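Undergrad: Let me give you the structure first, and then I'll get to my questions.
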Amino acid sequence: MSSSVLTTGFSEVRVRFAPSPTGYLHVGGARSALFNLLFAKHNHGKFILRIEDTDQARSTEESLQMMIQDLKWLGLNWDEGPNPETLKDMGPYGPYKQSERLDIYKKVADQLLAEGKAFYCFMTDAELEIEREKIKAAGLHTHVLSPYRNMSLADAQKKMAGGESAVVRLKVPDDEKDYNLHDFIRGDVRFPSDMEGDFVLLRSDGMPVYNFCCVIDDHMMKISHVLRAEEHLPNTLRQLMIYEAMNWTIPQFGHLSLVLDDDRQKLSKRKGAVSCDQFRLDGYLPAAMNNFMALLGWSHPEEKEILSLQEMISAFTLNRVHVAGAVFDRVKLKWMNAQHLRALPNEKIWKQIEPFLKEAGLNLPTDSDWQVRSVETFKAYMEVLKDAVALYSPLDDSKYEILPEASEAYAMEPTRAVLAAWKELVEAHPTETFTEADFLKIQDEVKAKTGQKGKNLFFPIRVALIGKPHGAELKILVPLMHKKSIIARAQKALEKC
RNA sequence: GUUCCCAUCGUCUAGUGGCCUAGGACACCUCCCUUUCACGGAGGAUACACGAGUUCGAAUCUCGUUGGGAACGCCA
């Protein structure tokens with residue numbers, strides 16, 4: 001219940017996912033969003049989407065659209081933020097795009113400047129570089145103390161009036177105190193005070209920088225819990241310093257472990273798909289994606305593995321979040337997708353695979369009875385929706401071809417005789433379609449006629465039907481096919497002998 | 001280099017001092033089902049990084065070592 005996770009100063013659980021629209025939605029980001037949503041919903045709180053687009057050079061409208069689309073696809077619905085359809089703000093704490101909040105940041109910076117807690121800094125890149133080198137050589141943590149930190153505001157303004165440009169830096173306290181953070185998933189974390197130098201709040205063009213906006217927005221949007229990836233842990237010190245300078249109530253921080261590649265480095269593009277979009281295109285189900293991502297660092301109290309979003313919400317608590325990094329195992333994801341897929345009713349599965357079949361240009365029957373039967377036949381062979389393409393291709397006559405794998409069958413001596421008998425018996429069949437029993441009967445007749453059995457019997461028949469010696473059970477496949485196409489295929493197979 | 005974080009099967013994890021000769025899941029192997037394959041079912045192999053301590057008792061607590069990761073920007 002929300003009361004147990006709230007600290008003083010906060011009346012409801014409010015969490016946010018704050019991506020910057022500079023590319024596709026990464027699965028690591030999606031996982032952060034998911035954990036925030038699970039935590040919010042479990043505690044009857046609000047999940048907020050905030051867009052961090054202060055890096056004007058890299059932020060794009062297109063990327064924002066993509067992220068919103070991916071979040072929608074995953075079903076990670078937010079209570080406040082850009083409306084998923086219109087992109088107009090919804091919720092009482094807007095604007096939710098940082099580029100529209102510039103005057104707010106400016107005002108806070110002015111206050112800090114006036115109070116002497118921040119200052120204008122005129123250091124050039126070259127000077128900064130030299131300073132960093134010196135610090136590095138001394139074996140210290142890279143942080144810069146600006147020589148301008150004690151210049152008066154009036155002097156600085158005079159300098160600027162003369163045309164010099166400056167950034168605004170926070171004047172970090174020089175007392176030797178350590179900063180203690182009680183991270184709600186990692187426990188106590190201690191930052192030494194000299195870990196941080198005077199850091200930038202406002203760039204020389206006046207644009208605010210991440211750590212600054214983040215604190216201001218979290219405060220003004222009444223964010224009670226900041227749940228984000230571990231890479232932000234060092235940022236927390238800077239943010240604590242800003243909270244302190246502003247004398248604002250500090251939210252609870254929690255840092256999630258990283259999602260790793262199989263080489264145990266932060267998940268990156270070079271090892272395969274990392275964008276949600278790509279998983280959608282490959283035929284993964286949002287339910288499976290969410291389930292899998294949740295289990296990267298969280299476990300169900302009863303160790304259940306296949307979970308719906310609703311089940312995850314009701315079971316989600318922070319004390320079951322694991323602190324160590326987790327490797328993104330694509331093989332297990334696939335298995336999990338198959339589990340979710342097979343749990344769906346056949347009609348729903350058809351709906352899901354249909355766009356993939358269309359995309360592949362397959363021409364398949366349109367009656368729903370056939371569709372449902374076909375799904376029943378194939379679903380045990382499908383892990384991702386895209387697998388349907390290869391499975392259904394054999395049913396499209398224009399796609400029938402004898403594959404290289406069939407050479408195994410052609411190498412067998414009795415193949416020709418079996419094929420001939422098969423074709424003959426199919427032609428003699430009185431109706432246009434076949435039941436399972438019809439097929440088995442014909443198969444028996446081929447057996448009787450040729451004296452072949454086992455592999456010698458069914459490999460050739462299989463090739464005559466699907467072009468390869470392995471695949472779905474023929475007795476279920478044949479009822480999905482038409483007599484004339486079976487004959488045409490048998491003819492083709494025979495010609496290969 | 002500096003600071004911080006982390007450490008149970010190959011992988012995701014359970015485990016909060018005795019229930020652990022460490023449990024589950026994926027993957028792997030064997031068998032069963034099946035006139036192939038897949039699905040399904042039954043079994044198997046595989047892990048507490050190392051070293052000290054605390055304790056009657058340690059995967060669990062403490063310290064150290066080693067290893068891994070992240071961060072050190074006028075990116076977020």
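Ordering of the structure tokens sets the chain letters (A, B, ...); residue numbers start at 1 within each chain; ligands are numbered from 1 in the order shown.
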Counting only C-alpha atoms (C1' of nucleotides), give me one row per residue of chain B with an atom at most 9 Å from an atom of chain A, showing the shortest contact pair and its distance in Å to one decimal, sorted by chain then residue number, as JSON lines.

TA:
```
{"residue": "B:G1", "atom": "C1'", "partner": "A:Gly139", "partner_atom": "CA", "distance": 5.7}
{"residue": "B:U2", "atom": "C1'", "partner": "A:His141", "partner_atom": "CA", "distance": 4.0}
{"residue": "B:U3", "atom": "C1'", "partner": "A:His141", "partner_atom": "CA", "distance": 6.2}
{"residue": "B:C4", "atom": "C1'", "partner": "A:Pro234", "partner_atom": "CA", "distance": 6.9}
{"residue": "B:C5", "atom": "C1'", "partner": "A:Glu230", "partner_atom": "CA", "distance": 8.0}
{"residue": "B:C6", "atom": "C1'", "partner": "A:Ala324", "partner_atom": "CA", "distance": 5.5}
{"residue": "B:A7", "atom": "C1'", "partner": "A:Ala324", "partner_atom": "CA", "distance": 7.8}
{"residue": "B:U11", "atom": "C1'", "partner": "A:Asp329", "partner_atom": "CA", "distance": 6.4}
{"residue": "B:C12", "atom": "C1'", "partner": "A:Leu296", "partner_atom": "CA", "distance": 6.5}
{"residue": "B:U13", "atom": "C1'", "partner": "A:Ser299", "partner_atom": "CA", "distance": 7.2}
{"residue": "B:A14", "atom": "C1'", "partner": "A:Glu303", "partner_atom": "CA", "distance": 7.2}
{"residue": "B:G24", "atom": "C1'", "partner": "A:Glu303", "partner_atom": "CA", "distance": 7.0}
{"residue": "B:A25", "atom": "C1'", "partner": "A:Glu305", "partner_atom": "CA", "distance": 7.2}
{"residue": "B:C26", "atom": "C1'", "partner": "A:Lys332", "partner_atom": "CA", "distance": 4.8}
{"residue": "B:A27", "atom": "C1'", "partner": "A:Val331", "partner_atom": "CA", "distance": 7.6}
{"residue": "B:U35", "atom": "C1'", "partner": "A:Gly454", "partner_atom": "CA", "distance": 5.2}
{"residue": "B:U36", "atom": "C1'", "partner": "A:His470", "partner_atom": "CA", "distance": 5.8}
{"residue": "B:C37", "atom": "C1'", "partner": "A:Gly471", "partner_atom": "CA", "distance": 5.3}
{"residue": "B:A38", "atom": "C1'", "partner": "A:Tyr381", "partner_atom": "CA", "distance": 5.5}
{"residue": "B:C39", "atom": "C1'", "partner": "A:Ala380", "partner_atom": "CA", "distance": 5.0}
{"residue": "B:G68", "atom": "C1'", "partner": "A:Arg264", "partner_atom": "CA", "distance": 7.9}
{"residue": "B:G69", "atom": "C1'", "partner": "A:Gln265", "partner_atom": "CA", "distance": 6.9}
{"residue": "B:A70", "atom": "C1'", "partner": "A:Glu231", "partner_atom": "CA", "distance": 5.6}
{"residue": "B:A71", "atom": "C1'", "partner": "A:Pro234", "partner_atom": "CA", "distance": 5.9}
{"residue": "B:C72", "atom": "C1'", "partner": "A:Thr142", "partner_atom": "CA", "distance": 5.7}
{"residue": "B:C74", "atom": "C1'", "partner": "A:Arg203", "partner_atom": "CA", "distance": 4.5}
{"residue": "B:C75", "atom": "C1'", "partner": "A:Asp55", "partner_atom": "CA", "distance": 7.4}
{"residue": "B:A76", "atom": "C1'", "partner": "A:Tyr210", "partner_atom": "CA", "distance": 6.2}
```

Undergrad: In segment 189-400 of chain A, what's strand (DSSP E or B) per DSSP? Answer as a ChimeraX atom specification?

TA: /A:189-191,200-202,208,225-229,252-256,259-260,266,275,298,321,326-327

Undergrad: So, with only C-alpha atoms (C1' of nucleotides) as the atoms that count, which of B:C56, B:C50, B:C32, B:A42 lies closest to G18 of chain B?

TA: B:C56

Undergrad: To one decimal place, how far is atom CA of Cys214 of chain A from atom CA of Val226 of chain A in Å?

TA: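 Atom CA of Val226 of chain A lies 10.2 Å from atom CA of Cys214 of chain A.
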
Undergrad: My list of candidates is A:Ala229, A:Leu318, A:Met160, A:Ile476. Which is closest to Val5 of chain A when distances are computed with only C-alpha atoms?

TA: A:Leu318

Undergrad: Using only C-alpha atoms (C1' of nucleotides), determine which residues lie at most 12 Å from segment 110-121 of chain A, disregarding the query and same-chain residues fewer than 3 positions distant; provide the list as a ChimeraX atom specification.

TA: /A:103-107,124-125,127-128,144-160,164-174,198-204,206,212,241-247 /B:74

Undergrad: So the first atom is atom CA of Ala428 of chain A and the second is atom CA of Asp397 of chain A; what is the distance between them in Å, to one decimal place?

TA: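 Atom CA of Asp397 of chain A lies at a distance of 20.7 Å from atom CA of Ala428 of chain A.
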